[in-house]
>>> print(open('coords30.cif').read())   # mmCIF, C-alpha atoms
data_query
#
loop_
_atom_site.label_atom_id
_atom_site.label_comp_id
_atom_site.auth_asym_id
_atom_site.auth_seq_id
_atom_site.Cartn_x
_atom_site.Cartn_y
_atom_site.Cartn_z
CA LEU W 1 109.89 57.96 55.39
CA MET W 2 110.09 55.96 52.20
CA PRO W 3 108.57 52.52 51.41
CA GLY W 4 110.39 49.67 53.09
CA GLY W 5 111.61 51.90 55.88
CA LYS W 6 114.34 53.59 53.83
CA LEU W 7 115.22 56.91 55.39
CA ASP W 8 115.71 60.02 53.32
CA LEU W 9 116.18 63.61 54.40
CA GLY W 10 113.85 64.95 51.75
CA SER W 11 110.97 62.50 52.09
CA PRO W 12 108.74 63.75 54.96
CA CYS W 13 106.21 66.56 55.25
CA SER W 14 103.17 65.22 53.47
CA LYS W 15 101.08 67.22 51.06
CA ALA W 16 98.14 65.72 52.94
CA SER W 17 98.85 68.11 55.78
CA SER W 18 96.73 71.17 55.13
CA THR W 19 98.37 74.58 55.05
CA SER W 20 95.36 76.25 56.62
CA THR W 21 96.20 77.95 59.90
CA ALA W 22 94.16 77.90 63.04
CA SER W 23 91.80 80.80 63.53
CA SER W 24 92.98 83.63 65.70
CA SER W 25 90.38 82.78 68.32
CA SER W 26 91.55 79.20 68.47
CA GLY W 27 95.17 80.22 68.65
CA GLY W 28 94.62 82.87 71.26
CA SER W 29 92.66 80.69 73.63
CA SER W 30 95.28 78.03 74.09
CA GLY W 31 97.90 79.88 76.09
CA GLY W 32 98.23 79.93 79.84
CA SER W 33 98.88 76.59 81.47
CA SER W 34 100.16 74.99 78.29
CA GLY W 35 103.22 77.19 78.36
CA GLY W 36 102.02 79.55 75.66
CA SER W 37 101.02 76.93 73.12
CA SER W 38 98.67 79.20 71.25
CA GLY W 39 99.50 80.74 67.94
CA GLY W 40 98.49 84.14 69.28
CA SER W 41 96.92 86.91 67.29
CA SER W 42 98.27 87.77 63.89
CA SER W 43 99.24 91.19 65.16
CA SER W 44 101.86 89.58 67.34
CA GLY W 45 103.90 88.77 64.22
CA GLY W 46 107.51 88.02 64.88
CA SER W 47 107.96 89.72 68.21
CA SER W 48 109.67 87.61 70.79
CA SER W 49 107.30 88.90 73.46
CA SER W 50 104.49 86.86 71.91
CA GLY W 51 106.52 83.68 71.84
CA GLY W 52 106.30 82.55 75.40
CA SER W 53 108.13 85.14 77.46
CA SER W 54 105.49 85.03 80.17
CA GLY W 55 107.61 82.78 82.39
CA SER W 56 109.10 85.46 84.62
CA SER W 57 111.84 84.64 87.07
CA SER W 58 109.67 85.90 89.95
CA SER W 59 107.18 83.07 89.37
CA THR W 60 109.82 80.38 88.92
CA SER W 61 110.36 78.13 91.92
CA SER W 62 113.74 78.09 93.62
CA SER W 63 113.89 74.30 93.35
CA TYR W 64 113.57 74.54 89.57
CA LYS W 65 116.18 77.31 89.44
CA ASN W 66 118.59 74.86 91.10
CA SER W 67 117.66 71.95 88.83
CA LYS W 68 119.73 70.41 86.05
CA ALA W 69 116.91 71.13 83.58
CA TYR W 70 117.10 74.87 84.25
CA LYS W 71 120.89 74.92 84.05
CA ASP W 72 120.83 72.88 80.83
CA CYS W 73 118.34 75.30 79.30
CA LYS W 74 120.47 78.28 80.24
CA LYS W 75 123.49 76.52 78.75
CA ASN W 76 121.98 74.93 75.62
CA ALA W 77 118.94 76.95 74.55
CA ALA W 78 119.22 79.34 71.62
CA LYS W 79 119.85 82.97 72.53
CA VAL W 80 116.46 84.08 71.19
CA VAL W 81 114.78 81.47 73.43
CA LYS W 82 116.65 82.57 76.52
CA LYS W 83 115.87 86.20 75.73
CA ALA W 84 112.16 85.35 75.59
CA GLY W 85 112.30 83.91 79.12
CA ILE W 86 111.42 80.40 78.03
CA CYS W 87 114.00 78.78 80.30
CA GLU W 88 111.88 79.97 83.24
CA LYS W 89 109.17 77.49 82.29
CA GLU W 90 109.46 74.53 84.62
CA THR W 91 108.59 71.59 82.37
CA ALA W 92 110.27 70.41 79.19
CA ALA W 93 106.88 70.26 77.46
CA GLU W 94 106.19 73.91 78.29
CA ARG W 95 109.61 74.94 76.99
CA ILE W 96 109.09 73.07 73.72
CA VAL W 97 105.62 74.55 73.18
CA ALA W 98 106.78 78.07 74.00
CA THR W 99 109.75 77.71 71.67
CA ALA W 100 107.55 76.38 68.85
CA LYS W 101 105.22 79.34 69.33
CA LEU W 102 108.15 81.73 69.26
CA LEU W 103 109.62 80.27 66.05
CA ALA W 104 106.36 79.75 64.11
CA TRP W 105 104.19 82.34 62.42
CA PRO W 106 101.08 82.83 64.59
CA ALA W 107 97.54 81.77 63.78
CA GLY W 108 95.77 84.08 61.40
CA THR W 109 98.92 84.94 59.46
CA SER W 110 98.47 85.06 55.69
CA ALA W 111 99.95 81.97 54.04
CA LYS W 112 101.90 84.25 51.73
CA LYS W 113 104.05 85.27 54.68
CA TYR W 114 105.30 81.75 55.40
CA ARG W 115 105.23 80.19 51.93
CA TYR W 116 108.68 79.24 50.67
CA ASN W 117 109.99 81.47 47.84
CA GLU W 118 107.17 83.93 48.52
CA GLY W 119 107.43 84.73 52.21
CA SER W 120 110.04 83.89 54.81
CA ALA W 121 110.66 82.19 58.12
CA LYS W 122 110.20 84.27 61.25
CA GLU W 123 113.30 86.17 62.30
CA GLU W 124 113.36 84.20 65.56
CA PHE W 125 113.48 80.95 63.59
CA LYS W 126 116.30 82.23 61.39
CA SER W 127 118.28 83.16 64.47
CA ALA W 128 117.61 79.80 66.13
CA ILE W 129 118.45 77.57 63.16
CA ASN W 130 121.68 79.48 62.53
CA GLU W 131 122.67 78.81 66.11
CA VAL W 132 121.63 75.18 66.58
CA PHE W 133 122.54 73.98 63.07
CA LYS W 134 125.57 76.06 62.18
CA ASN W 135 126.74 73.85 59.31
CA ARG W 136 123.94 73.06 56.88
CA SER W 137 125.90 73.11 53.63
CA HIS W 138 125.65 69.31 53.26
CA TRP W 139 121.83 69.28 53.48
CA ASN W 140 120.09 68.22 50.27
CA ASN W 141 118.82 71.54 48.98
CA GLN W 142 118.32 75.20 49.81
CA GLN W 143 114.75 74.71 51.00
CA LEU W 144 115.99 72.36 53.70
CA ARG W 145 118.86 74.65 54.58
CA ASP W 146 116.36 77.49 54.99
CA GLY W 147 114.16 75.34 57.25
CA ALA W 148 111.00 74.96 55.15
CA SER W 149 110.57 71.33 56.18
CA CYS W 150 108.62 69.60 58.92
CA LEU W 151 111.63 67.71 60.29
CA ILE W 152 113.93 70.71 60.16
CA PHE W 153 111.35 72.83 61.95
CA THR W 154 110.71 70.29 64.72
CA SER W 155 114.40 69.60 65.24
CA THR W 156 115.19 73.31 65.38
CA VAL W 157 112.45 73.80 67.98
CA VAL W 158 113.67 70.93 70.17
CA ARG W 159 117.31 71.98 70.02
CA ALA W 160 116.57 75.68 70.45
CA SER W 161 114.39 74.94 73.49
CA GLY W 162 117.42 73.52 75.27
CA VAL W 163 115.59 70.24 75.94
CA ASP W 164 117.84 68.13 73.71
CA LYS W 165 120.84 69.70 71.97
CA LYS W 166 121.57 66.46 70.06
CA TYR W 167 118.10 65.98 68.57
CA VAL W 168 118.41 64.77 64.97
CA SER W 169 117.37 66.82 61.95
CA ASP W 170 116.42 64.08 59.47
CA THR W 171 114.03 61.13 59.27
CA GLN W 172 116.00 59.37 62.00
CA GLN W 173 113.49 61.22 64.21
CA TYR W 174 111.12 58.33 63.51
CA LYS W 175 113.60 55.98 65.21
CA TYR W 176 115.04 58.43 67.71
CA LYS W 177 115.66 57.24 71.24
CA SER W 178 116.89 59.47 74.02
CA ASN W 179 116.61 59.72 77.78
CA LYS W 180 115.12 63.17 77.13
CA PHE W 181 111.95 61.64 75.66
CA LYS W 182 109.46 58.89 76.30
CA ARG W 183 108.83 57.11 73.01
CA ILE W 184 105.22 56.10 72.26
CA THR W 185 104.35 54.14 69.12
CA CYS W 186 101.10 52.73 67.79
CA GLU W 187 99.50 51.53 64.55
CA LYS W 188 96.10 52.54 63.22
CA CYS W 189 95.75 55.15 65.91
CA ASN W 190 94.86 58.82 65.83
CA PRO W 191 97.77 61.16 66.67
CA TYR W 192 95.44 63.77 68.16
CA LYS W 193 94.06 61.36 70.75
CA LYS W 194 97.49 59.96 71.61
CA SER W 195 99.40 63.23 71.89
CA LYS W 196 99.41 66.20 74.23
CA ALA W 197 100.99 69.64 74.36
CA GLY W 198 104.78 69.51 74.08
CA ASP W 199 104.94 66.24 72.16
CA VAL W 200 106.82 65.81 68.91
CA VAL W 201 104.33 63.94 66.72
CA LEU W 202 105.43 61.91 63.69
CA TYR W 203 103.06 59.87 61.55
CA TRP W 204 102.79 58.19 58.18
CA ASP W 205 100.52 55.89 56.19
CA LYS W 206 101.33 52.20 56.51
CA GLN W 207 100.26 51.69 52.89
CA TRP W 208 102.87 54.25 51.77
CA GLY W 209 100.23 56.17 49.89
CA GLY W 210 102.07 59.36 50.81
CA THR W 211 104.93 60.67 52.85
CA GLY W 212 104.87 61.28 56.56
CA HIS W 213 104.76 64.41 58.67
CA ALA W 214 106.32 65.80 61.84
CA LEU W 215 104.98 68.57 64.06
CA ILE W 216 104.94 70.03 67.54
CA ARG W 217 101.68 69.61 69.43
CA GLY W 218 100.32 72.65 71.26
CA LYS W 219 97.24 72.70 73.46
CA ASN W 220 94.63 73.67 70.88
CA VAL W 221 96.97 74.15 67.91
CA ILE W 222 99.91 72.51 66.19
CA TYR W 223 103.16 74.03 64.98
CA GLU W 224 104.46 72.76 61.67
CA ALA W 225 106.36 73.42 58.46
CA GLN W 226 106.12 71.47 55.21
CA LEU W 227 108.64 70.31 52.66
CA HIS W 228 106.22 69.34 49.88
CA GLY W 229 103.75 72.02 50.90
CA LYS W 230 106.68 74.47 50.82
CA THR W 231 106.00 76.35 54.02
CA TYR W 232 108.05 77.68 56.90
CA GLY W 233 107.02 77.15 60.49
CA HIS W 234 103.48 78.30 61.21
CA THR W 235 100.54 77.64 63.50
CA SER W 236 97.77 75.34 62.27
CA SER W 237 94.55 73.83 63.53
CA THR W 238 94.58 70.48 65.32
CA SER W 239 91.95 69.37 62.79
CA ILE W 240 94.88 68.21 60.64
CA ILE W 241 95.89 65.48 63.08
CA LYS W 242 92.32 64.69 64.08
CA LYS W 243 91.82 63.27 60.58
CA GLN W 244 94.96 61.11 60.49
CA LYS W 245 95.16 57.39 61.12
CA GLY W 246 98.19 55.23 60.61
CA ILE W 247 101.55 54.56 62.23
CA VAL W 248 102.27 57.14 64.89
CA VAL W 249 105.45 57.90 66.81
CA ILE W 250 105.21 60.35 69.69
CA LEU W 251 108.28 61.69 71.46
CA ARG W 252 107.10 63.00 74.84
CA PRO W 253 109.60 65.18 76.73
CA LYS W 254 110.60 64.01 80.16
CA ASP W 255 111.23 66.21 83.18
#
>>> encode(input="coords30.cif", output="structure tokens")
Amino acid sequence: LMPGGKLDLGSPCSKASSTSTASSSSGGSSGGSSGGSSGGSSSSGGSSSSGGSSGSSSSTSSSYKNSKAYKDCKKNAAKVVKKAGICEKETAAERIVATAKLLAWPAGTSAKKYRYNEGSAKEEFKSAINEVFKNRSHWNNQQLRDGASCLIFTSTVVRASGVDKKYVSDTQQYKYKSNKFKRITCEKCNPYKKSKAGDVVLYWDKQWGGTGHALIRGKNVIYEAQLHGKTYGHTSSTSIIKKQKGIVVILRPKD
């Protein structure tokens, strides 16, 4: 977001957001009830089995199987997400967290693996973005087209999860309104305290001292990419958002 509220596709993803990932112990402890929000161990790499496939059909309630949310996920989610069993997760927040985990490099991964022009996006992310954003030729530059941007990463996650197939890819996310999300805004507040697992968190400095940032909140981790930091989707420590104060927009998925 630029000064004066001018929106620009290339403006978000602040350098202020550290590229340090969460430790493997932090990432690995946050799974379970959060729908697999942990980054997992670095050995899990790009395998779809580590990305939230724990939601087996046997544990999914029949009422959910008959719900519109389940049918929408089966219809709209990216193939790699459906293959990982993420549609079996019964809340939209769980599906978003599990999708973010699937598409982001796990905690403990060397930064070289997810640094733009040095590493690459996970194969699951490449598959997802090619499916949910088929035509990217009009995007500003190759880095955006490849998905090394906070807004592109978050929008790919939300679309790929099947929660909202129309979720926007640019800075209109800051103003986005949809019946799929509850919109929460505040000034001079801390995004860590305001957010919870499954939220899309967007924040920026009211004084315009730097650009903003967008990320997916996990339980004990966050999932992010950076335009100015030049990184693909990866798992980071929540310490990044614990330090932030400013204008915060939280998009909380509804069920």
>>> resolve_selection(input="coords30.cif", expression="the PyMOL selection byres ((chain W and resi 178-189) around 8)", output="list in words")
Val163, Asp164, Tyr176, Lys177, Asn190, Pro191, Lys194, Lys245, Gly246, Ile247, Val248, Val249, Ile250, Leu251, Arg252, Pro253, Lys254 and Asp255 of chain W
>>> resolve_selection(input="coords30.cif", expression="the PyMOL selection byres ((chain W and resi 69) around 12)", output="NGL selection string")
:W and (63-68 or 70-77 or 87-93 or 95 or 161-164 or 180 or 253-255)
>>> residues_near_point(input="coords30.cif", point="(107.1, 75.4, 56.8)", cutoff="8 Å", atoms="only C-alpha atoms", output="NGL selection string")
:W and (114-116 or 121 or 147-150 or 153 or 224-227 or 229-234)
>>> closest_residue(input="coords30.cif", among="W:Lys83, W:Lys101, W:Ser155, W:Ala111", to="Ile222 (chain W)", atoms="all atoms listed in the file")
W:Lys101
>>> atom_distance(input="coords30.cif", atom1="CA of Trp204 (chain W)", atom2="CA of Tyr174 (chain W)")
9.9 Å
>>> closest_residue(input="coords30.cif", among="W:Ser169, W:Ser61, W:Asn140, W:Ser195", to="Ile152 (chain W)", atoms="all atoms listed in the file")
W:Ser169
>>> residues_around(input="coords30.cif", residues="Tyr192 (chain W)", least_positions_apart="3", cutoff="12 Å", atoms="only C-alpha atoms", output="count of residues only")
30
>>> atom_distance(input="coords30.cif", atom1="CA of Thr156 (chain W)", atom2="CA of Ala128 (chain W)")
7.0 Å
>>> closest_residue(input="coords30.cif", among="W:Arg159, W:Gly198, W:Ala107, W:Thr60", to="Gly85 (chain W)", atoms="all atoms listed in the file")
W:Thr60
>>> decode(input="coords30.cif", residues="region 119-149 of chain W", atoms="N, CA and C atoms", output="CSV table (one decimal), in the first residue's frame")
chain,number,residue,atom,x,y,z
W,119,GLY,N,16.7,-20.0,-5.2
W,119,GLY,CA,16.0,-21.3,-5.0
W,119,GLY,C,14.7,-21.3,-5.8
W,120,SER,N,13.7,-21.8,-5.3
W,120,SER,CA,12.4,-21.9,-6.0
W,120,SER,C,11.2,-22.1,-5.1
W,121,ALA,N,10.1,-21.9,-5.6
W,121,ALA,CA,8.8,-22.2,-4.9
W,121,ALA,C,8.7,-23.7,-4.8
W,122,LYS,N,7.9,-24.2,-3.8
W,122,LYS,CA,7.7,-25.6,-3.7
W,122,LYS,C,6.9,-26.0,-4.9
W,123,GLU,N,7.0,-27.3,-5.3
W,123,GLU,CA,6.3,-27.8,-6.4
W,123,GLU,C,4.8,-27.7,-6.2
W,124,GLU,N,4.3,-27.9,-5.0
W,124,GLU,CA,2.9,-27.8,-4.7
W,124,GLU,C,2.4,-26.4,-5.0
W,125,PHE,N,3.2,-25.4,-4.6
W,125,PHE,CA,2.8,-24.0,-4.9
W,125,PHE,C,2.8,-23.8,-6.4
W,126,LYS,N,3.8,-24.2,-7.1
W,126,LYS,CA,3.8,-24.0,-8.6
W,126,LYS,C,2.5,-24.6,-9.2
W,127,SER,N,2.2,-25.8,-8.8
W,127,SER,CA,1.0,-26.5,-9.3
W,127,SER,C,-0.3,-25.6,-9.0
W,128,ALA,N,-0.3,-25.2,-7.7
W,128,ALA,CA,-1.5,-24.4,-7.3
W,128,ALA,C,-1.7,-23.1,-8.0
W,129,ILE,N,-0.6,-22.3,-8.1
W,129,ILE,CA,-0.7,-21.0,-8.8
W,129,ILE,C,-1.0,-21.1,-10.2
W,130,ASN,N,-0.5,-22.2,-10.9
W,130,ASN,CA,-0.8,-22.4,-12.3
W,130,ASN,C,-2.3,-22.7,-12.5
W,131,GLU,N,-2.9,-23.3,-11.5
W,131,GLU,CA,-4.3,-23.7,-11.6
W,131,GLU,C,-5.2,-22.5,-11.2
W,132,VAL,N,-4.9,-21.8,-10.2
W,132,VAL,CA,-5.9,-20.8,-9.7
W,132,VAL,C,-5.6,-19.4,-10.3
W,133,PHE,N,-4.5,-19.2,-10.9
W,133,PHE,CA,-4.2,-18.0,-11.6
W,133,PHE,C,-3.6,-18.4,-13.0
W,134,LYS,N,-4.4,-18.8,-13.9
W,134,LYS,CA,-3.9,-19.4,-15.1
W,134,LYS,C,-3.3,-18.3,-16.0
W,135,ASN,N,-3.9,-17.1,-16.0
W,135,ASN,CA,-3.3,-16.0,-16.9
W,135,ASN,C,-2.6,-15.0,-16.0
W,136,ARG,N,-1.3,-15.0,-16.0
W,136,ARG,CA,-0.6,-14.0,-15.2
W,136,ARG,C,0.3,-13.1,-16.0
W,137,SER,N,0.1,-13.2,-17.3
W,137,SER,CA,1.0,-12.4,-18.3
W,137,SER,C,1.0,-10.9,-18.0
W,138,HIS,N,-0.2,-10.4,-17.5
W,138,HIS,CA,-0.3,-9.0,-17.3
W,138,HIS,C,0.2,-8.5,-16.0
W,139,TRP,N,0.7,-9.4,-15.1
W,139,TRP,CA,1.2,-9.0,-13.9
W,139,TRP,C,2.5,-8.2,-14.1
W,140,ASN,N,2.9,-7.4,-13.2
W,140,ASN,CA,4.0,-6.4,-13.4
W,140,ASN,C,5.3,-6.9,-13.8
W,141,ASN,N,5.7,-8.0,-13.2
W,141,ASN,CA,7.1,-8.6,-13.5
W,141,ASN,C,7.1,-10.1,-13.2
W,142,GLN,N,8.2,-10.7,-13.6
W,142,GLN,CA,8.4,-12.1,-13.5
W,142,GLN,C,8.3,-12.6,-12.1
W,143,GLN,N,8.9,-11.8,-11.2
W,143,GLN,CA,8.9,-12.2,-9.8
W,143,GLN,C,7.5,-12.4,-9.3
W,144,LEU,N,6.6,-11.5,-9.6
W,144,LEU,CA,5.2,-11.6,-9.2
W,144,LEU,C,4.5,-12.8,-9.9
W,145,ARG,N,4.8,-13.0,-11.2
W,145,ARG,CA,4.3,-14.1,-11.9
W,145,ARG,C,4.7,-15.4,-11.4
W,146,ASP,N,5.9,-15.5,-10.8
W,146,ASP,CA,6.4,-16.7,-10.2
W,146,ASP,C,5.9,-16.9,-8.8
W,147,GLY,N,5.3,-15.8,-8.2
W,147,GLY,CA,4.7,-16.0,-6.8
W,147,GLY,C,5.6,-15.6,-5.7
W,148,ALA,N,6.7,-14.9,-5.9
W,148,ALA,CA,7.6,-14.5,-4.8
W,148,ALA,C,7.1,-13.1,-4.3
W,149,SER,N,6.0,-13.1,-3.7
W,149,SER,CA,5.3,-11.9,-3.2
W,149,SER,C,4.3,-12.3,-2.1
